[in-house]
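protein.cif follows; it contains mmCIF, C-alpha atoms.
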```cif
data_final
#
loop_
_atom_site.label_atom_id
_atom_site.label_comp_id
_atom_site.auth_asym_id
_atom_site.auth_seq_id
_atom_site.Cartn_x
_atom_site.Cartn_y
_atom_site.Cartn_z
CA MET A 1 35.52 -162.40 -175.30
CA LYS A 2 34.12 -160.85 -178.44
CA LYS A 3 34.12 -162.64 -181.75
CA ILE A 4 36.79 -160.33 -183.17
CA GLU A 5 39.35 -161.42 -180.56
CA LYS A 6 38.78 -165.10 -181.44
CA ASN A 7 39.21 -164.26 -185.12
CA ILE A 8 42.50 -162.48 -184.37
CA LEU A 9 43.82 -165.53 -182.53
CA CYS A 10 42.82 -167.73 -185.47
CA ILE A 11 44.66 -165.36 -187.81
CA PHE A 12 47.69 -165.74 -185.55
CA ILE A 13 47.60 -169.53 -186.13
CA ILE A 14 47.52 -168.92 -189.89
CA LEU A 15 50.46 -166.51 -189.62
CA CYS A 16 52.67 -168.98 -187.72
CA PRO A 17 54.11 -170.79 -190.80
CA ILE A 18 54.76 -167.41 -192.45
CA LEU A 19 56.60 -166.17 -189.35
CA ASP A 20 58.60 -169.43 -189.24
CA MET A 21 59.67 -168.95 -192.87
CA MET A 22 60.53 -165.30 -192.24
CA SER A 23 62.76 -166.36 -189.37
CA PHE A 24 64.60 -169.01 -191.40
CA ILE A 25 65.08 -166.84 -194.50
CA PHE A 26 66.19 -163.76 -192.55
CA ARG A 27 68.68 -165.65 -190.39
CA ASN A 28 70.24 -167.43 -193.34
CA ALA A 29 70.31 -164.36 -195.56
CA PHE A 30 71.99 -162.16 -192.95
CA HIS A 31 73.82 -164.90 -191.00
CA THR A 32 72.36 -163.87 -187.65
CA ASN A 33 70.44 -165.46 -184.79
CA ILE A 34 68.07 -162.49 -184.57
CA SER A 35 64.93 -162.29 -186.71
CA PRO A 36 62.03 -159.79 -187.01
CA SER A 37 59.58 -162.63 -186.35
CA THR A 38 61.11 -163.04 -182.89
CA PHE A 39 59.60 -159.67 -182.01
CA LEU A 40 56.47 -159.90 -184.20
CA ARG A 41 55.28 -163.34 -183.01
CA PRO A 42 54.42 -162.43 -179.38
CA ILE A 43 52.44 -159.27 -180.23
CA ILE A 44 49.00 -160.82 -180.88
CA PRO A 45 49.05 -163.33 -177.96
CA THR A 46 50.38 -160.63 -175.61
CA ILE A 47 47.56 -158.22 -176.49
CA ALA A 48 44.99 -161.00 -176.11
CA ILE A 49 46.32 -162.21 -172.74
CA LEU A 50 46.33 -158.62 -171.43
CA TYR A 51 42.71 -158.21 -172.56
CA LEU A 52 41.78 -161.46 -170.81
CA PHE A 53 43.69 -160.38 -167.70
CA LEU A 54 41.80 -157.08 -167.51
CA LYS A 55 38.46 -158.91 -167.68
CA MET A 56 39.25 -161.01 -164.59
CA ASP A 57 38.28 -159.97 -161.10
CA LYS A 58 40.89 -158.86 -158.57
CA LYS A 59 41.34 -162.32 -157.03
CA PHE A 60 42.37 -163.97 -160.29
CA LYS A 61 44.54 -161.02 -161.29
CA ILE A 62 46.50 -161.50 -158.07
CA ARG A 63 46.85 -165.24 -158.66
CA LEU A 64 48.07 -164.85 -162.22
CA SER A 65 50.44 -162.08 -161.17
CA LEU A 66 51.82 -164.41 -158.49
CA ILE A 67 52.38 -167.17 -161.07
CA GLY A 68 54.17 -164.67 -163.31
CA ALA A 69 56.36 -163.51 -160.41
CA ILE A 70 57.28 -167.10 -159.53
CA TYR A 71 58.29 -167.75 -163.14
CA ALA A 72 60.39 -164.57 -163.23
CA VAL A 73 62.22 -165.40 -159.98
CA TYR A 74 62.82 -168.97 -161.13
CA GLU A 75 64.22 -167.82 -164.47
CA ILE A 76 66.68 -165.43 -162.81
CA LEU A 77 67.87 -168.09 -160.33
CA HIS A 78 68.15 -170.73 -163.07
CA LEU A 79 70.32 -168.47 -165.20
CA LEU A 80 72.55 -167.75 -162.19
CA VAL A 81 72.98 -171.50 -161.70
CA PHE A 82 73.66 -171.88 -165.41
CA ARG A 83 76.49 -169.37 -165.19
CA SER A 84 78.10 -171.46 -162.46
CA VAL A 85 78.07 -174.73 -164.45
CA ILE A 86 78.86 -173.54 -167.97
CA THR A 87 82.17 -174.90 -169.32
CA GLY A 88 84.21 -174.86 -172.52
CA SER A 89 82.26 -177.85 -173.87
CA SER A 90 78.82 -176.26 -173.38
CA TYR A 91 76.59 -176.21 -176.44
CA GLY A 92 75.38 -172.64 -175.82
CA GLY A 93 75.74 -169.59 -173.65
CA ILE A 94 73.50 -167.74 -171.21
CA THR A 95 71.60 -165.99 -174.05
CA HIS A 96 70.82 -169.34 -175.65
CA GLU A 97 69.63 -170.74 -172.31
CA ALA A 98 67.47 -167.67 -171.68
CA GLN A 99 65.83 -168.16 -175.10
CA TYR A 100 64.78 -171.69 -174.12
CA ILE A 101 63.20 -170.46 -170.89
CA ILE A 102 61.42 -167.56 -172.61
CA ASN A 103 60.09 -169.89 -175.34
CA TYR A 104 58.75 -172.35 -172.76
CA SER A 105 57.11 -169.50 -170.80
CA TYR A 106 55.64 -168.14 -174.03
CA MET A 107 54.07 -171.53 -174.76
CA ILE A 108 52.54 -171.62 -171.27
CA VAL A 109 51.02 -168.16 -171.84
CA ASN A 110 49.56 -169.35 -175.14
CA LEU A 111 48.16 -172.46 -173.45
CA ILE A 112 46.38 -170.28 -170.87
CA LEU A 113 45.09 -168.05 -173.64
CA TYR A 114 43.72 -170.66 -176.03
CA ILE A 115 42.20 -172.92 -173.36
CA THR A 116 40.41 -169.93 -171.83
CA VAL A 117 39.21 -168.34 -175.07
CA PHE A 118 38.14 -171.29 -177.25
CA GLN A 119 35.33 -172.93 -175.34
CA ASP A 120 32.38 -174.39 -177.26
CA GLU A 121 32.13 -176.58 -180.35
CA GLU A 122 31.80 -173.59 -182.71
CA ASP A 123 35.02 -172.08 -181.30
CA ILE A 124 36.95 -175.35 -181.67
CA GLY A 125 35.67 -175.68 -185.24
CA LYS A 126 36.93 -172.20 -186.08
CA LEU A 127 40.30 -173.02 -184.54
CA SER A 128 40.52 -176.29 -186.50
CA LYS A 129 39.85 -174.47 -189.77
CA SER A 130 42.65 -172.01 -189.06
CA VAL A 131 44.98 -174.97 -188.39
CA LEU A 132 43.92 -176.49 -191.74
CA ILE A 133 44.75 -173.23 -193.56
CA ALA A 134 48.12 -173.10 -191.77
CA ASN A 135 48.83 -176.66 -192.93
CA VAL A 136 48.01 -175.67 -196.52
CA ILE A 137 50.59 -172.87 -196.22
CA TYR A 138 53.16 -175.24 -194.73
CA MET A 139 52.75 -177.83 -197.50
CA THR A 140 52.56 -175.29 -200.35
CA SER A 141 55.77 -173.59 -199.25
CA ILE A 142 57.56 -176.93 -198.79
CA LEU A 143 56.50 -178.09 -202.27
CA ILE A 144 57.71 -174.81 -203.83
CA ALA A 145 61.02 -175.10 -201.94
CA ILE A 146 61.59 -178.66 -203.16
CA VAL A 147 60.61 -177.90 -206.78
CA THR A 148 62.80 -174.78 -206.90
CA LYS A 149 65.64 -176.68 -205.17
CA THR A 150 65.84 -174.07 -202.41
CA SER A 151 64.76 -176.41 -199.61
CA SER A 152 67.12 -176.81 -196.67
CA SER A 153 68.10 -180.36 -195.71
CA THR A 154 66.82 -181.95 -192.52
CA TYR A 155 70.27 -183.29 -191.59
CA ILE A 156 73.75 -181.85 -192.00
CA GLU A 157 74.65 -184.82 -194.22
CA GLY A 158 72.21 -183.41 -196.80
CA MET A 159 69.43 -185.96 -196.28
CA GLY A 160 65.77 -185.01 -196.03
CA TYR A 161 63.82 -181.90 -197.03
CA LYS A 162 62.36 -179.37 -194.58
CA GLY A 163 61.61 -176.39 -196.82
CA TRP A 164 62.31 -172.93 -195.45
CA PHE A 165 62.06 -173.96 -191.82
CA GLU A 166 64.62 -174.21 -189.00
CA SER A 167 64.10 -177.75 -187.66
CA GLY A 168 62.89 -180.92 -189.34
CA ASN A 169 61.87 -182.50 -186.03
CA SER A 170 59.86 -179.43 -185.01
CA LEU A 171 58.23 -179.23 -188.44
CA GLY A 172 57.28 -182.91 -188.29
CA SER A 173 55.85 -182.51 -184.78
CA ILE A 174 53.77 -179.49 -185.84
CA LEU A 175 52.30 -181.30 -188.85
CA ILE A 176 51.56 -184.46 -186.86
CA LEU A 177 49.83 -182.58 -184.03
CA SER A 178 47.90 -180.51 -186.58
CA LEU A 179 46.65 -183.69 -188.23
CA PHE A 180 44.82 -184.66 -185.04
CA MET A 181 42.68 -181.54 -185.56
CA THR A 182 42.34 -181.56 -189.36
CA ILE A 183 41.90 -185.22 -190.26
CA LYS A 184 38.22 -184.99 -189.29
CA TYR A 185 37.62 -182.82 -192.39
CA ILE A 186 37.94 -185.94 -194.54
CA LYS A 187 34.25 -186.51 -193.77
CA ASP A 188 33.25 -182.85 -194.21
CA SER A 189 31.74 -182.32 -197.68
CA LYS A 190 32.51 -178.59 -197.51
CA TYR A 191 36.23 -178.83 -196.68
CA ARG A 192 37.28 -182.29 -197.89
CA LYS A 193 38.41 -180.91 -201.28
CA ILE A 194 41.07 -178.95 -199.41
CA ALA A 195 41.65 -181.39 -196.55
CA ILE A 196 42.19 -184.62 -198.50
CA PRO A 197 44.91 -183.27 -200.89
CA THR A 198 46.61 -181.52 -197.97
CA ILE A 199 46.60 -184.62 -195.76
CA LEU A 200 47.76 -186.76 -198.68
CA ALA A 201 50.63 -184.33 -199.37
CA GLU A 202 51.53 -184.33 -195.67
CA GLY A 203 51.56 -188.12 -195.62
CA ILE A 204 53.91 -188.34 -198.61
CA PHE A 205 56.16 -185.61 -197.21
CA LEU A 206 56.31 -186.98 -193.66
CA CYS A 207 56.83 -190.59 -194.70
CA THR A 208 59.21 -190.22 -197.64
CA LEU A 209 60.84 -186.77 -197.75
CA LEU A 210 61.26 -185.29 -194.26
CA GLY A 211 63.59 -188.01 -193.00
CA THR A 212 62.54 -188.19 -189.33
CA ARG A 213 61.02 -191.05 -187.40
CA VAL A 214 58.51 -188.57 -185.96
CA GLY A 215 57.18 -188.02 -189.48
CA LEU A 216 57.08 -191.62 -190.67
CA LEU A 217 55.75 -193.29 -187.52
CA GLY A 218 53.67 -190.29 -186.46
CA PHE A 219 51.60 -190.18 -189.64
CA ILE A 220 50.88 -193.91 -189.47
CA LEU A 221 49.89 -193.50 -185.81
CA VAL A 222 47.48 -190.65 -186.63
CA VAL A 223 45.76 -192.73 -189.32
CA ILE A 224 45.45 -195.78 -187.05
CA LEU A 225 44.07 -193.70 -184.15
CA TYR A 226 41.60 -192.00 -186.48
CA VAL A 227 40.29 -195.37 -187.64
CA ILE A 228 39.99 -196.63 -184.05
CA VAL A 229 38.17 -193.50 -182.80
CA GLU A 230 35.81 -193.38 -185.79
CA THR A 231 35.01 -197.08 -185.37
CA ILE A 232 34.24 -196.66 -181.66
CA MET A 233 32.10 -193.55 -182.25
CA THR A 234 30.12 -195.17 -185.08
CA LEU A 235 29.60 -198.31 -183.01
CA LYS A 236 28.40 -196.19 -180.08
CA GLN A 237 26.04 -194.02 -182.15
CA LYS A 238 24.72 -196.49 -184.73
CA GLY A 239 25.44 -199.86 -183.15
CA LYS A 240 27.50 -201.06 -186.11
CA ILE A 241 31.04 -200.85 -187.43
CA ASN A 242 31.83 -198.42 -190.23
CA LYS A 243 33.55 -200.75 -192.68
CA LYS A 244 34.40 -197.90 -195.07
CA VAL A 245 36.50 -196.13 -192.43
CA ILE A 246 38.36 -199.33 -191.50
CA ALA A 247 38.97 -200.24 -195.15
CA GLY A 248 40.09 -196.69 -195.96
CA GLY A 249 42.46 -196.60 -192.99
CA LEU A 250 43.99 -199.97 -193.86
CA MET A 251 44.41 -198.93 -197.48
CA ALA A 252 46.11 -195.71 -196.36
CA VAL A 253 48.61 -197.58 -194.15
CA ILE A 254 49.26 -200.24 -196.82
CA THR A 255 49.74 -197.51 -199.46
CA ILE A 256 52.26 -195.73 -197.22
CA ILE A 257 54.21 -198.95 -196.69
CA ILE A 258 54.24 -199.73 -200.44
CA VAL A 259 55.33 -196.18 -201.34
CA VAL A 260 58.10 -196.23 -198.72
CA ILE A 261 59.38 -199.61 -199.95
CA THR A 262 59.17 -198.89 -203.68
CA VAL A 263 59.89 -195.14 -203.92
CA GLY A 264 62.12 -194.94 -200.88
CA SER A 265 62.20 -192.80 -197.75
CA SER A 266 64.67 -190.28 -196.40
CA THR A 267 63.94 -191.74 -192.97
CA LEU A 268 65.18 -195.20 -194.01
CA GLN A 269 68.12 -193.56 -195.80
CA ARG A 270 69.00 -191.76 -192.58
CA ARG A 271 68.69 -194.99 -190.53
CA LYS A 272 71.01 -196.80 -192.97
CA HIS A 273 73.50 -193.94 -192.79
CA LEU A 274 73.53 -194.14 -189.00
CA GLN A 275 74.07 -197.90 -189.15
CA ASP A 276 77.06 -197.37 -191.44
CA ILE A 277 78.49 -194.82 -189.02
CA GLU A 278 77.87 -197.22 -186.14
CA LYS A 279 80.08 -199.86 -187.78
CA ASN A 280 82.91 -197.39 -188.34
CA ILE A 281 83.24 -196.25 -184.70
CA VAL A 282 85.68 -198.63 -183.02
CA ASP A 283 86.70 -198.63 -179.37
CA THR A 284 90.45 -199.23 -179.60
CA GLU A 285 90.69 -199.99 -175.88
CA LYS A 286 88.28 -202.91 -176.12
CA GLN A 287 89.00 -203.69 -179.80
CA GLU A 288 85.30 -203.78 -180.63
CA GLN A 289 82.53 -201.58 -181.97
CA SER A 290 82.00 -198.59 -179.71
CA HIS A 291 78.82 -198.16 -177.65
CA VAL A 292 79.07 -194.35 -177.50
CA THR A 293 79.43 -191.75 -180.25
CA GLY A 294 82.84 -191.04 -181.73
CA SER A 295 83.01 -187.59 -180.11
CA ILE A 296 82.17 -188.92 -176.66
CA LEU A 297 84.67 -191.78 -177.08
CA GLU A 298 87.35 -189.22 -177.95
CA ILE A 299 86.56 -187.17 -174.82
CA LYS A 300 86.64 -190.34 -172.68
CA GLU A 301 90.05 -191.27 -174.01
CA LYS A 302 91.36 -187.75 -173.27
CA ILE A 303 90.00 -187.96 -169.72
CA ASP A 304 91.79 -191.28 -169.21
CA ALA A 305 95.02 -189.83 -170.60
CA ASN A 306 94.57 -186.61 -168.59
CA THR A 307 94.98 -184.57 -171.80
CA LEU A 308 91.60 -182.81 -171.77
CA GLU A 309 92.16 -179.06 -171.96
CA GLU A 310 91.69 -176.99 -168.81
CA GLY A 311 88.15 -175.71 -168.30
CA TYR A 312 86.67 -177.86 -171.05
CA MET A 313 84.64 -179.92 -168.53
CA GLY A 314 84.05 -179.89 -164.79
CA GLN A 315 84.80 -182.86 -162.57
CA ALA A 316 81.15 -183.96 -162.41
CA GLU A 317 80.91 -183.85 -166.22
CA LYS A 318 84.12 -185.87 -166.64
CA GLN A 319 82.92 -188.54 -164.20
CA SER A 320 79.54 -188.66 -165.97
CA ILE A 321 81.29 -189.29 -169.30
CA LEU A 322 83.16 -192.21 -167.73
CA ASP A 323 79.93 -193.53 -166.15
CA LEU A 324 78.12 -193.22 -169.49
CA TYR A 325 80.89 -195.19 -171.18
CA GLU A 326 80.65 -198.03 -168.62
CA ILE A 327 76.86 -198.19 -168.67
CA ALA A 328 76.72 -198.07 -172.48
CA ASN A 329 79.11 -201.01 -172.69
CA GLN A 330 77.26 -202.92 -170.00
CA TRP A 331 73.89 -202.46 -171.73
CA ASN A 332 75.26 -202.84 -175.29
CA ILE A 333 73.79 -199.51 -176.39
CA LYS A 334 74.17 -198.59 -180.05
CA ASN A 335 76.61 -195.75 -180.59
CA ASN A 336 74.10 -193.94 -182.82
CA ASP A 337 71.39 -194.03 -180.14
CA GLN A 338 72.07 -190.50 -178.95
CA ARG A 339 68.79 -190.10 -177.08
CA MET A 340 69.60 -193.03 -174.81
CA GLN A 341 73.13 -191.72 -174.24
CA GLN A 342 71.71 -188.26 -173.45
CA LEU A 343 69.31 -189.73 -170.93
CA ILE A 344 71.96 -191.85 -169.17
CA TYR A 345 74.47 -188.99 -169.05
CA ASN A 346 72.01 -186.48 -167.58
CA ILE A 347 70.82 -188.95 -164.95
CA VAL A 348 74.34 -189.75 -163.74
CA LEU A 349 75.30 -186.06 -163.99
CA VAL A 350 72.70 -185.16 -161.34
CA LYS A 351 74.08 -187.94 -159.14
CA ASN A 352 77.68 -186.82 -159.60
CA GLN A 353 76.94 -183.14 -158.96
CA HIS A 354 75.66 -183.88 -155.41
CA ASN A 355 73.96 -180.49 -155.34
CA PRO A 356 70.32 -180.03 -154.23
CA ILE A 357 70.26 -176.54 -155.80
CA TYR A 358 70.84 -178.10 -159.24
CA VAL A 359 68.04 -180.59 -158.57
CA LEU A 360 65.63 -177.79 -157.64
CA LEU A 361 66.61 -175.19 -160.25
CA GLY A 362 68.13 -177.38 -162.99
CA ASN A 363 71.71 -177.72 -164.17
CA GLY A 364 71.27 -175.97 -167.50
CA HIS A 365 69.92 -177.30 -170.78
CA VAL A 366 72.73 -176.16 -173.09
CA ALA A 367 75.42 -176.36 -170.41
CA ASN A 368 76.20 -179.86 -171.70
CA PHE A 369 78.36 -181.11 -174.56
CA ARG A 370 76.45 -180.78 -177.86
CA GLU A 371 75.64 -184.49 -178.35
CA LEU A 372 74.48 -184.80 -174.73
CA VAL A 373 71.93 -181.97 -174.76
CA ILE A 374 68.61 -183.76 -174.14
CA GLU A 375 66.38 -183.74 -177.22
CA MET A 376 63.39 -185.12 -175.28
CA GLU A 377 61.34 -182.33 -173.71
CA ILE A 378 60.02 -184.03 -170.55
CA PRO A 379 63.40 -185.39 -169.32
CA ALA A 380 64.93 -181.99 -170.16
CA PHE A 381 62.42 -180.29 -167.87
CA LEU A 382 63.29 -182.62 -165.00
CA PHE A 383 67.08 -182.82 -165.32
CA ASN A 384 68.01 -179.51 -166.97
CA PHE A 385 65.30 -177.16 -165.68
CA GLY A 386 64.72 -178.67 -162.25
CA VAL A 387 61.97 -179.85 -159.92
CA ILE A 388 60.68 -176.31 -159.37
CA ARG A 389 60.16 -175.88 -163.11
CA ILE A 390 58.26 -179.17 -163.30
CA TYR A 391 56.11 -178.16 -160.33
CA THR A 392 55.30 -174.70 -161.71
CA LEU A 393 54.56 -176.21 -165.13
CA LEU A 394 52.11 -178.77 -163.71
CA TYR A 395 50.54 -176.15 -161.44
CA THR A 396 50.06 -173.77 -164.35
CA ILE A 397 48.52 -176.46 -166.57
CA CYS A 398 46.08 -177.39 -163.78
CA TYR A 399 45.29 -173.71 -163.30
CA ASP A 400 44.71 -173.39 -167.06
CA PHE A 401 41.98 -176.01 -166.91
CA TYR A 402 40.54 -174.38 -163.81
CA LEU A 403 40.29 -171.11 -165.74
CA TRP A 404 38.67 -172.98 -168.63
CA TRP A 405 36.04 -174.37 -166.27
CA LEU A 406 35.55 -170.97 -164.63
CA PHE A 407 35.19 -169.04 -167.87
CA HIS A 408 33.19 -171.70 -169.72
CA ASP A 409 30.29 -170.02 -171.54
CA LYS A 410 31.33 -166.69 -169.98
CA VAL A 411 34.00 -165.54 -172.40
#
```

Could I get this file's structure written as structure tokens?
Amino acid sequence: MKKIEKNILCIFIILCPILDMMSFIFRNAFHTNISPSTFLRPIIPTIAILYLFLKMDKKFKIRLSLIGAIYAVYEILHLLVFRSVITGSSYGGITHEAQYIINYSYMIVNLILYITVFQDEEDIGKLSKSVLIANVIYMTSILIAIVTKTSSSTYIEGMGYKGWFESGNSLGSILILSLFMTIKYIKDSKYRKIAIPTILAEGIFLCTLLGTRVGLLGFILVVILYVIVETIMTLKQKGKINKKVIAGGLMAVITIIIVVITVGSSTLQRRKHLQDIEKNIVDTEKQEQSHVTGSILEIKEKIDANTLEEGYMGQAEKQSILDLYEIANQWNIKNNDQRMQQLIYNIVLVKNQHNPIYVLLGNGHVANFRELVIEMEIPAFLFNFGVIRIYTLLYTICYDFYLWWLFHDKV
């Protein structure tokens, strides 16, 4: 692929934070779920993947077309299944579910594209620089939003700052993953003047202002892994340990801990808030602190009293709520540990449905009650999107790396 196509894809990386902000601002200004960026975002990757597709020989065109057809058939069948399981308690409708599937498919297409196009060290370096520029845009916009007091809060209780972006967890994940590519510029004399302030700002934001565990623990993990990798590489190349890197890494972690303790952290504030909520949720039946959320406890009590409104939940969902309640009490799960409750509920839901079609095609991601929609991506693929989705995902990823090997030094 020519140099210009690689440059366009790098520009697309730089545009991503701008498109994210456009989406958030437009949706909030006009109170709609539709945004221009929804239609603008796929244009560049779509053109690039079509260009790559046209360059392939007939055999690989057929294979990729077959993969696309399998995805399309799966998506139609999954949505048909979703329509059969949706109830009054479902967190979203068929349009919402379709958006999840389209987004996942879009990410797979991008994975194929970037693995195939960016091959050698020079390409990866160019990609890393575009990620660094994108991070500068992210942090600049967040700082402006906080200073101008126009930042949205990470949580509905008003805790945490996430700038002009939709999701605090997604923002934290993006910045953490980006750091794995940009932290190397600390040693680059040409880019360290931009990289160091940006990484420092990201560290402060992720650890003290964002309010998510992904941000706080993720940044510390990136720093520790960087120190370990640099130490191993230096030992391998020079036969000695780089004491400056170790000392710098330790100082960074210690500084983060001191800042979090002295200045405070939205993450710790959020944890304390959840602990306070935990104490206030009481299971009147057992006369003790509840082991499920207040909303789930209320649904359980209505199921027991047979007062749950018609069509609000199916029989399998009702039984899964009761099973979740029993397991949560047996294992002494904290009522604010929603991820564990989501995991337990979705596991027992598959058992209670007794339907191999749901196992193969998934039982719907947003077909569940809002607090029981799985927030963890991998379990969601297995339980909500089915075995076929997992298989096609793994097959596609393996095929991506096969294409990378095939096109290496040929693109």

Problem - 12 Å contact set for range 288-303 of chain A, all atoms listed in the file, chain neighbours under 6 positions out, as a count of residues only - result: 49

Exercise for the section: Scan for residues within 8 Å of the point (63.8, -177.9, -194.2) in the coordinates of the file, using all atoms listed in the file, and reply as a VMD selection string. Expected result: chain A and resid 142 151 to 154 160 to 168 210

Dump C-alpha atoms for the selected residues as a PDB file, in the frame of the given file?
```pdb
ATOM      1  CA  ILE A 142      57.560-176.930-198.790  1.00  0.00           C
ATOM      2  CA  SER A 151      64.760-176.410-199.610  1.00  0.00           C
ATOM      3  CA  SER A 152      67.120-176.810-196.670  1.00  0.00           C
ATOM      4  CA  SER A 153      68.100-180.360-195.710  1.00  0.00           C
ATOM      5  CA  THR A 154      66.820-181.950-192.520  1.00  0.00           C
ATOM      6  CA  GLY A 160      65.770-185.010-196.030  1.00  0.00           C
ATOM      7  CA  TYR A 161      63.820-181.900-197.030  1.00  0.00           C
ATOM      8  CA  LYS A 162      62.360-179.370-194.580  1.00  0.00           C
ATOM      9  CA  GLY A 163      61.610-176.390-196.820  1.00  0.00           C
ATOM     10  CA  TRP A 164      62.310-172.930-195.450  1.00  0.00           C
ATOM     11  CA  PHE A 165      62.060-173.960-191.820  1.00  0.00           C
ATOM     12  CA  GLU A 166      64.620-174.210-189.000  1.00  0.00           C
ATOM     13  CA  SER A 167      64.100-177.750-187.660  1.00  0.00           C
ATOM     14  CA  GLY A 168      62.890-180.920-189.340  1.00  0.00           C
ATOM     15  CA  LEU A 210      61.260-185.290-194.260  1.00  0.00           C
TER      16      LEU A 210
END
```

Problem - For Val131 in chain A, the nearest of the candidates A:Gln287, A:Ser84, A:Gln353, A:Ser178, counting all atoms listed in the file - result: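 Among the listed residues, A:Ser178 lies closest to Val131 in chain A.
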
Exercise for the section: Step by step, work through what the PyMOL selection byres ((chain A and resi 385) around 9) selects in the shown file, and finish by giving those residues as a VMD selection string. Expected result: chain A and resid 78 101 358 to 365 380 to 384 386 to 390

Practice task
Go ahead and compute the interatomic distance for CA of Phe60 in chain A and CA of Thr46 in chain A, in Å to one decimal.
Solution key: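 That distance, rounded to one decimal, is 17.6 Å.
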
Problem - Selection: 10 Å around range 265-272 of chain A, only C-alpha atoms, excl. self and same-chain fewer than 5 positions, as a list in words - result: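 With the cut-off at 10 Å, the set is Thr154, Tyr155, Glu157, Gly158, Met159, Gly160, Tyr161, Ile204, Phe205, Leu206, Cys207, Thr208, Leu209, Leu210, Gly211, Thr212, Arg213, Val214, Gly215, Leu216, Leu217, Val259, Val260, Ile277, Glu278 and Asn336 of chain A.
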
Can you spit out the residues from that selection as a PDB file, keeping the file's coordinate frame, using C-alpha atoms?
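Saved file part-v4.pdb follows:
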```pdb
ATOM      1  CA  THR A 154      66.820-181.950-192.520  1.00  0.00           C
ATOM      2  CA  TYR A 155      70.270-183.290-191.590  1.00  0.00           C
ATOM      3  CA  GLU A 157      74.650-184.820-194.220  1.00  0.00           C
ATOM      4  CA  GLY A 158      72.210-183.410-196.800  1.00  0.00           C
ATOM      5  CA  MET A 159      69.430-185.960-196.280  1.00  0.00           C
ATOM      6  CA  GLY A 160      65.770-185.010-196.030  1.00  0.00           C
ATOM      7  CA  TYR A 161      63.820-181.900-197.030  1.00  0.00           C
ATOM      8  CA  ILE A 204      53.910-188.340-198.610  1.00  0.00           C
ATOM      9  CA  PHE A 205      56.160-185.610-197.210  1.00  0.00           C
ATOM     10  CA  LEU A 206      56.310-186.980-193.660  1.00  0.00           C
ATOM     11  CA  CYS A 207      56.830-190.590-194.700  1.00  0.00           C
ATOM     12  CA  THR A 208      59.210-190.220-197.640  1.00  0.00           C
ATOM     13  CA  LEU A 209      60.840-186.770-197.750  1.00  0.00           C
ATOM     14  CA  LEU A 210      61.260-185.290-194.260  1.00  0.00           C
ATOM     15  CA  GLY A 211      63.590-188.010-193.000  1.00  0.00           C
ATOM     16  CA  THR A 212      62.540-188.190-189.330  1.00  0.00           C
ATOM     17  CA  ARG A 213      61.020-191.050-187.400  1.00  0.00           C
ATOM     18  CA  VAL A 214      58.510-188.570-185.960  1.00  0.00           C
ATOM     19  CA  GLY A 215      57.180-188.020-189.480  1.00  0.00           C
ATOM     20  CA  LEU A 216      57.080-191.620-190.670  1.00  0.00           C
ATOM     21  CA  LEU A 217      55.750-193.290-187.520  1.00  0.00           C
ATOM     22  CA  VAL A 259      55.330-196.180-201.340  1.00  0.00           C
ATOM     23  CA  VAL A 260      58.100-196.230-198.720  1.00  0.00           C
ATOM     24  CA  ILE A 277      78.490-194.820-189.020  1.00  0.00           C
ATOM     25  CA  GLU A 278      77.870-197.220-186.140  1.00  0.00           C
ATOM     26  CA  ASN A 336      74.100-193.940-182.820  1.00  0.00           C
TER      27      ASN A 336
END
```

With the PyMOL selection byres ((chain A and resi 4-21) around 10) as the selection, what would be picked from this file? Answer as a tab-separated table (two decimals) with C-alpha atoms, keeping the file's coordinate frame, please.
```tsv
chain	number	residue	atom	x	y	z
A	1	MET	CA	35.52	-162.40	-175.30
A	2	LYS	CA	34.12	-160.85	-178.44
A	3	LYS	CA	34.12	-162.64	-181.75
A	22	MET	CA	60.53	-165.30	-192.24
A	23	SER	CA	62.76	-166.36	-189.37
A	24	PHE	CA	64.60	-169.01	-191.40
A	25	ILE	CA	65.08	-166.84	-194.50
A	26	PHE	CA	66.19	-163.76	-192.55
A	27	ARG	CA	68.68	-165.65	-190.39
A	35	SER	CA	64.93	-162.29	-186.71
A	36	PRO	CA	62.03	-159.79	-187.01
A	37	SER	CA	59.58	-162.63	-186.35
A	38	THR	CA	61.11	-163.04	-182.89
A	40	LEU	CA	56.47	-159.90	-184.20
A	41	ARG	CA	55.28	-163.34	-183.01
A	42	PRO	CA	54.42	-162.43	-179.38
A	43	ILE	CA	52.44	-159.27	-180.23
A	44	ILE	CA	49.00	-160.82	-180.88
A	45	PRO	CA	49.05	-163.33	-177.96
A	47	ILE	CA	47.56	-158.22	-176.49
A	48	ALA	CA	44.99	-161.00	-176.11
A	51	TYR	CA	42.71	-158.21	-172.56
A	113	LEU	CA	45.09	-168.05	-173.64
A	114	TYR	CA	43.72	-170.66	-176.03
A	117	VAL	CA	39.21	-168.34	-175.07
A	118	PHE	CA	38.14	-171.29	-177.25
A	123	ASP	CA	35.02	-172.08	-181.30
A	126	LYS	CA	36.93	-172.20	-186.08
A	127	LEU	CA	40.30	-173.02	-184.54
A	128	SER	CA	40.52	-176.29	-186.50
A	129	LYS	CA	39.85	-174.47	-189.77
A	130	SER	CA	42.65	-172.01	-189.06
A	131	VAL	CA	44.98	-174.97	-188.39
A	132	LEU	CA	43.92	-176.49	-191.74
A	133	ILE	CA	44.75	-173.23	-193.56
A	134	ALA	CA	48.12	-173.10	-191.77
A	135	ASN	CA	48.83	-176.66	-192.93
A	136	VAL	CA	48.01	-175.67	-196.52
A	137	ILE	CA	50.59	-172.87	-196.22
A	138	TYR	CA	53.16	-175.24	-194.73
A	139	MET	CA	52.75	-177.83	-197.50
A	141	SER	CA	55.77	-173.59	-199.25
A	163	GLY	CA	61.61	-176.39	-196.82
A	164	TRP	CA	62.31	-172.93	-195.45
A	165	PHE	CA	62.06	-173.96	-191.82
A	166	GLU	CA	64.62	-174.21	-189.00
A	171	LEU	CA	58.23	-179.23	-188.44
```
